[in-house]
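First up is the structure itself, then whatever we jot down about it.
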Amino acid sequence: VQLVESGGDLVQPGGSLTLSCAASGFTFSSYVMSWYRQAPGKERELVVFISDTGGNAVYADSVKGRFAISRNNANNTVYLQMNSLKSEDTAVYFCSARGVGARFWGQGTQVTVSS
């Protein structure tokens, strides 16, 4: 099983980034996919999750209206479009897959929002 995040970068406040998470080794279309983040000195927090079909997504209040999750079950990838980035969005972003009796994590990708 692998979850490989990419797309993290240094970006100025107000900027945008798109993160990707490529999955392999499990039946991607049967899993709820999530993005979490962990800022320095803070606990890991849920940013958003999307249902297995992609029909439903739930966002943390802190990112609602600025971030958008999507998934492509044909190429086993989940995306996180991040707009209007703020300094408080600085964190390591992790992709996670959750299914019946299973939970997988990626290694994370660093997003730094700074001028």
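FYI, nothing fancy with the structure tokens labels: chains A, B, ... in order, residues from 1 per chain, ligands from 1 as they appear.
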
Just asking: which residues within chain A are strand (DSSP E or B) according to DSSP, as a VMD selection string? chain A and resid 2 to 6 10 to 11 17 to 24 32 to 38 45 to 50 57 to 59 67 to 72 77 to 82 91 to 99 102 to 105 109 to 113

What are the nearest atom pairs, with distances in Å to one decimal, for all residues of segment 53-95 of chain A that come at most 7 Å from segment 12-23 of chain A, using only C-alpha atoms, set out by chain and rising residue number as JSON lines?
{"residue": "A:Asn76", "atom": "CA", "partner": "A:Ala23", "partner_atom": "CA", "distance": 5.4}
{"residue": "A:Thr77", "atom": "CA", "partner": "A:Ala22", "partner_atom": "CA", "distance": 4.6}
{"residue": "A:Val78", "atom": "CA", "partner": "A:Cys21", "partner_atom": "CA", "distance": 5.2}
{"residue": "A:Tyr79", "atom": "CA", "partner": "A:Ser20", "partner_atom": "CA", "distance": 4.5}
{"residue": "A:Leu80", "atom": "CA", "partner": "A:Leu19", "partner_atom": "CA", "distance": 5.0}
{"residue": "A:Gln81", "atom": "CA", "partner": "A:Thr18", "partner_atom": "CA", "distance": 4.4}
{"residue": "A:Met82", "atom": "CA", "partner": "A:Leu17", "partner_atom": "CA", "distance": 5.2}
{"residue": "A:Asn83", "atom": "CA", "partner": "A:Ser16", "partner_atom": "CA", "distance": 4.4}
{"residue": "A:Ser84", "atom": "CA", "partner": "A:Gly14", "partner_atom": "CA", "distance": 4.2}
{"residue": "A:Leu85", "atom": "CA", "partner": "A:Gly14", "partner_atom": "CA", "distance": 4.8}
{"residue": "A:Lys86", "atom": "CA", "partner": "A:Pro13", "partner_atom": "CA", "distance": 5.1}
{"residue": "A:Ser87", "atom": "CA", "partner": "A:Pro13", "partner_atom": "CA", "distance": 6.4}
{"residue": "A:Cys95", "atom": "CA", "partner": "A:Cys21", "partner_atom": "CA", "distance": 6.3}

With C-alpha atoms retained, could you export that selection as an mmCIF file, in the first residue's frame?
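The result, stored in again00.cif:
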data_model
loop_
_atom_site.group_PDB
_atom_site.id
_atom_site.type_symbol
_atom_site.label_atom_id
_atom_site.label_comp_id
_atom_site.auth_asym_id
_atom_site.auth_seq_id
_atom_site.Cartn_x
_atom_site.Cartn_y
_atom_site.Cartn_z
ATOM 1 C CA ASN A 76 -6.429 6.463 -8.005
ATOM 2 C CA THR A 77 -5.671 10.052 -7.082
ATOM 3 C CA VAL A 78 -7.152 12.546 -4.673
ATOM 4 C CA TYR A 79 -6.521 16.271 -4.933
ATOM 5 C CA LEU A 80 -6.727 19.260 -2.642
ATOM 6 C CA GLN A 81 -7.096 22.639 -4.299
ATOM 7 C CA MET A 82 -6.127 25.349 -1.819
ATOM 8 C CA ASN A 83 -6.965 28.976 -2.508
ATOM 9 C CA SER A 84 -6.627 32.203 -0.544
ATOM 10 C CA LEU A 85 -3.911 30.623 1.553
ATOM 11 C CA LYS A 86 -3.138 32.084 4.951
ATOM 12 C CA SER A 87 -0.102 31.814 7.201
ATOM 13 C CA CYS A 95 -3.299 12.038 2.727
#

Tell me which protein, DNA and RNA residues are within 10 Å of segment 48-62 of chain A, counting only C-alpha atoms, leaving out same-chain ones fewer than 3 positions away, and put them as a short mmCIF file (atom, residue, chain, number, x, y, z; two decimals) with all heavy atoms, in the first residue's frame.
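Final file, around_16.cif:
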data_model
loop_
_atom_site.label_atom_id
_atom_site.label_comp_id
_atom_site.auth_asym_id
_atom_site.auth_seq_id
_atom_site.Cartn_x
_atom_site.Cartn_y
_atom_site.Cartn_z
N PHE A 28 -8.86 1.64 -4.29
CA PHE A 28 -9.02 3.07 -4.01
C PHE A 28 -10.49 3.49 -4.00
O PHE A 28 -10.91 4.24 -3.12
CB PHE A 28 -8.25 3.86 -5.07
CG PHE A 28 -8.32 5.34 -4.93
CD1 PHE A 28 -7.53 6.01 -4.00
CD2 PHE A 28 -9.16 6.09 -5.74
CE1 PHE A 28 -7.58 7.39 -3.88
CE2 PHE A 28 -9.22 7.47 -5.63
CZ PHE A 28 -8.43 8.12 -4.69
N SER A 29 -11.26 3.01 -4.94
CA SER A 29 -12.65 3.46 -5.08
C SER A 29 -13.55 3.01 -3.94
O SER A 29 -14.71 3.44 -3.87
CB SER A 29 -13.21 2.97 -6.42
OG SER A 29 -13.17 1.56 -6.48
N SER A 30 -13.03 2.14 -3.06
CA SER A 30 -13.82 1.67 -1.92
C SER A 30 -13.48 2.41 -0.63
O SER A 30 -14.04 2.08 0.42
CB SER A 30 -13.60 0.17 -1.72
OG SER A 30 -14.07 -0.57 -2.84
N TYR A 31 -12.59 3.36 -0.71
CA TYR A 31 -12.09 4.02 0.49
C TYR A 31 -12.50 5.49 0.54
O TYR A 31 -12.48 6.19 -0.48
CB TYR A 31 -10.56 3.94 0.55
CG TYR A 31 -10.05 2.60 1.03
CD1 TYR A 31 -10.21 1.45 0.25
CD2 TYR A 31 -9.40 2.49 2.25
CE1 TYR A 31 -9.76 0.23 0.70
CE2 TYR A 31 -8.94 1.27 2.70
CZ TYR A 31 -9.12 0.14 1.91
OH TYR A 31 -8.65 -1.06 2.36
N VAL A 32 -12.84 5.93 1.74
CA VAL A 32 -12.98 7.36 2.01
C VAL A 32 -11.58 7.95 2.08
O VAL A 32 -10.70 7.40 2.74
CB VAL A 32 -13.72 7.59 3.34
CG1 VAL A 32 -13.71 9.07 3.71
CG2 VAL A 32 -15.14 7.05 3.25
N MET A 33 -11.40 9.05 1.38
CA MET A 33 -10.09 9.70 1.36
C MET A 33 -10.15 11.02 2.13
O MET A 33 -11.14 11.75 2.06
CB MET A 33 -9.64 9.95 -0.07
CG MET A 33 -9.46 8.69 -0.89
SD MET A 33 -8.23 7.56 -0.20
CE MET A 33 -6.74 8.58 -0.28
N SER A 34 -9.07 11.31 2.82
CA SER A 34 -9.04 12.50 3.66
C SER A 34 -7.71 13.23 3.49
O SER A 34 -6.70 12.62 3.12
CB SER A 34 -9.18 12.12 5.14
OG SER A 34 -10.32 11.34 5.37
N TRP A 35 -7.74 14.50 3.80
CA TRP A 35 -6.54 15.29 3.97
C TRP A 35 -6.51 15.77 5.42
O TRP A 35 -7.51 16.30 5.92
CB TRP A 35 -6.50 16.50 3.04
CG TRP A 35 -6.21 16.15 1.62
CD1 TRP A 35 -7.12 15.96 0.61
CD2 TRP A 35 -4.91 15.94 1.03
NE1 TRP A 35 -6.48 15.66 -0.57
CE2 TRP A 35 -5.12 15.64 -0.34
CE3 TRP A 35 -3.61 16.00 1.51
CZ2 TRP A 35 -4.06 15.39 -1.21
CZ3 TRP A 35 -2.57 15.74 0.64
CH2 TRP A 35 -2.80 15.43 -0.71
N TYR A 36 -5.38 15.55 6.06
CA TYR A 36 -5.12 16.07 7.40
C TYR A 36 -3.92 17.01 7.30
O TYR A 36 -3.19 17.02 6.32
CB TYR A 36 -4.75 14.92 8.35
CG TYR A 36 -5.89 14.06 8.81
CD1 TYR A 36 -6.49 13.14 7.96
CD2 TYR A 36 -6.39 14.16 10.11
CE1 TYR A 36 -7.54 12.34 8.39
CE2 TYR A 36 -7.42 13.37 10.54
CZ TYR A 36 -8.00 12.47 9.68
OH TYR A 36 -9.04 11.69 10.11
N ARG A 37 -3.73 17.79 8.34
CA ARG A 37 -2.54 18.62 8.42
C ARG A 37 -2.05 18.71 9.85
O ARG A 37 -2.84 18.56 10.80
CB ARG A 37 -2.79 20.01 7.85
CG ARG A 37 -3.76 20.87 8.64
CD ARG A 37 -4.04 22.18 7.90
NE ARG A 37 -4.94 23.04 8.64
CZ ARG A 37 -5.43 24.18 8.16
NH1 ARG A 37 -5.11 24.59 6.93
NH2 ARG A 37 -6.24 24.91 8.90
N GLU A 45 -4.79 17.55 12.47
CA GLU A 45 -6.21 17.86 12.39
C GLU A 45 -6.77 17.50 11.02
O GLU A 45 -6.07 17.56 10.01
CB GLU A 45 -6.46 19.36 12.67
CG GLU A 45 -5.86 20.29 11.65
CD GLU A 45 -6.26 21.74 11.86
OE1 GLU A 45 -7.12 22.02 12.73
OE2 GLU A 45 -5.72 22.60 11.14
N GLY A 65 -14.85 27.01 1.95
CA GLY A 65 -14.91 28.11 0.99
C GLY A 65 -13.58 28.46 0.36
O GLY A 65 -13.54 29.22 -0.62
N ARG A 66 -12.50 27.91 0.89
CA ARG A 66 -11.16 28.19 0.32
C ARG A 66 -10.52 26.94 -0.29
O ARG A 66 -9.78 27.05 -1.27
CB ARG A 66 -10.23 28.74 1.40
CG ARG A 66 -10.70 30.02 2.03
CD ARG A 66 -9.62 30.61 2.96
NE ARG A 66 -9.30 29.73 4.08
CZ ARG A 66 -8.09 29.26 4.33
NH1 ARG A 66 -7.06 29.55 3.54
NH2 ARG A 66 -7.87 28.46 5.39
N PHE A 67 -10.79 25.79 0.29
CA PHE A 67 -10.20 24.53 -0.18
C PHE A 67 -11.27 23.70 -0.87
O PHE A 67 -12.46 23.78 -0.54
CB PHE A 67 -9.65 23.73 0.99
CG PHE A 67 -8.41 24.29 1.64
CD1 PHE A 67 -7.96 25.57 1.37
CD2 PHE A 67 -7.70 23.51 2.55
CE1 PHE A 67 -6.82 26.07 1.98
CE2 PHE A 67 -6.55 24.01 3.16
CZ PHE A 67 -6.13 25.29 2.88
N ALA A 68 -10.83 22.88 -1.81
CA ALA A 68 -11.74 21.97 -2.51
C ALA A 68 -11.05 20.63 -2.73
O ALA A 68 -9.94 20.58 -3.28
CB ALA A 68 -12.18 22.56 -3.83
N ILE A 69 -11.71 19.58 -2.30
CA ILE A 69 -11.18 18.22 -2.50
C ILE A 69 -11.87 17.59 -3.70
O ILE A 69 -13.05 17.87 -3.97
CB ILE A 69 -11.39 17.36 -1.24
CG1 ILE A 69 -10.62 16.04 -1.35
CG2 ILE A 69 -12.86 17.12 -0.97
CD1 ILE A 69 -10.60 15.23 -0.04
N SER A 70 -11.14 16.78 -4.41
CA SER A 70 -11.72 16.01 -5.50
C SER A 70 -10.95 14.70 -5.62
O SER A 70 -9.85 14.57 -5.08
CB SER A 70 -11.67 16.78 -6.83
OG SER A 70 -10.35 17.08 -7.19
N ARG A 71 -11.54 13.75 -6.32
CA ARG A 71 -10.87 12.48 -6.51
C ARG A 71 -11.15 11.95 -7.90
O ARG A 71 -12.21 12.22 -8.48
CB ARG A 71 -11.30 11.46 -5.46
CG ARG A 71 -12.74 11.04 -5.51
CD ARG A 71 -13.11 10.17 -4.32
NE ARG A 71 -12.41 8.89 -4.31
CZ ARG A 71 -12.30 8.11 -3.24
NH1 ARG A 71 -12.84 8.47 -2.09
NH2 ARG A 71 -11.64 6.96 -3.32
N ASN A 72 -10.20 11.18 -8.38
CA ASN A 72 -10.35 10.52 -9.67
C ASN A 72 -10.15 9.03 -9.44
O ASN A 72 -9.02 8.57 -9.27
CB ASN A 72 -9.33 11.06 -10.67
CG ASN A 72 -9.51 10.50 -12.07
OD1 ASN A 72 -9.98 9.39 -12.24
ND2 ASN A 72 -9.17 11.29 -13.07
N ASN A 73 -11.23 8.29 -9.42
CA ASN A 73 -11.14 6.86 -9.13
C ASN A 73 -10.57 6.07 -10.31
O ASN A 73 -10.21 4.90 -10.15
CB ASN A 73 -12.50 6.31 -8.74
CG ASN A 73 -12.91 6.72 -7.34
OD1 ASN A 73 -12.09 7.26 -6.58
ND2 ASN A 73 -14.16 6.49 -6.98
N VAL A 78 -6.32 11.55 -5.33
CA VAL A 78 -7.15 12.55 -4.67
C VAL A 78 -6.38 13.86 -4.67
O VAL A 78 -5.15 13.87 -4.56
CB VAL A 78 -7.55 12.10 -3.25
CG1 VAL A 78 -6.33 11.92 -2.35
CG2 VAL A 78 -8.55 13.05 -2.63
N LEU A 80 -6.27 18.20 -3.54
CA LEU A 80 -6.73 19.26 -2.64
C LEU A 80 -6.32 20.59 -3.27
O LEU A 80 -5.14 20.93 -3.31
CB LEU A 80 -6.12 19.12 -1.24
CG LEU A 80 -6.60 20.15 -0.24
CD1 LEU A 80 -8.10 19.97 0.02
CD2 LEU A 80 -5.83 20.04 1.08
N GLU A 88 -1.68 30.67 8.62
CA GLU A 88 -2.12 29.59 9.51
C GLU A 88 -2.39 28.28 8.79
O GLU A 88 -2.66 27.27 9.43
CB GLU A 88 -3.35 30.01 10.33
CG GLU A 88 -4.49 30.56 9.52
CD GLU A 88 -4.51 32.09 9.52
OE1 GLU A 88 -3.43 32.70 9.33
OE2 GLU A 88 -5.60 32.67 9.67
N ASP A 89 -2.32 28.29 7.47
CA ASP A 89 -2.43 27.04 6.71
C ASP A 89 -1.08 26.32 6.61
O ASP A 89 -1.02 25.19 6.11
CB ASP A 89 -2.94 27.32 5.29
CG ASP A 89 -4.36 27.86 5.27
OD1 ASP A 89 -5.19 27.36 6.04
OD2 ASP A 89 -4.62 28.78 4.48
N CYS A 95 -2.20 12.73 3.37
CA CYS A 95 -3.30 12.04 2.73
C CYS A 95 -3.59 10.77 3.53
O CYS A 95 -2.66 10.12 4.04
CB CYS A 95 -2.85 11.68 1.31
SG CYS A 95 -3.96 10.66 0.37
N SER A 96 -4.86 10.42 3.66
CA SER A 96 -5.23 9.23 4.41
C SER A 96 -6.36 8.50 3.71
O SER A 96 -7.26 9.14 3.14
CB SER A 96 -5.65 9.61 5.82
OG SER A 96 -6.05 8.47 6.55
N ALA A 97 -6.33 7.18 3.77
CA ALA A 97 -7.38 6.35 3.21
C ALA A 97 -8.01 5.53 4.34
O ALA A 97 -7.29 4.96 5.17
CB ALA A 97 -6.81 5.41 2.16
N ARG A 98 -9.33 5.49 4.37
CA ARG A 98 -10.03 4.74 5.42
C ARG A 98 -11.06 3.82 4.78
O ARG A 98 -11.90 4.26 3.99
CB ARG A 98 -10.70 5.68 6.40
CG ARG A 98 -11.48 4.98 7.50
CD ARG A 98 -11.85 5.96 8.61
NE ARG A 98 -12.55 7.12 8.10
CZ ARG A 98 -13.86 7.19 7.90
NH1 ARG A 98 -14.61 6.12 8.11
NH2 ARG A 98 -14.42 8.30 7.46
N GLY A 99 -10.95 2.53 5.15
CA GLY A 99 -11.92 1.55 4.67
C GLY A 99 -12.35 0.67 5.81
O GLY A 99 -12.05 0.97 6.98
#

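The spacing separating atom CA of Lys42 of chain A from atom CA of Ala91 of chain A amounts to 9.4 Å.
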
**Item:** Nearest-residue call for Gly8 of chain A, choices A:Ala102, A:Val63, A:Val92, A:Ala39, using only C-alpha atoms
**Value:**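 Checking each candidate against Gly8 of chain A, we get A:Val92 as the closest.
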
Using only C-alpha atoms for the distances, tell me which of A:Thr90, A:Gln38, A:Thr109, A:Asn75 is nearest to Val11 of chain A.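 The closest residue to Val11 of chain A is A:Thr90.
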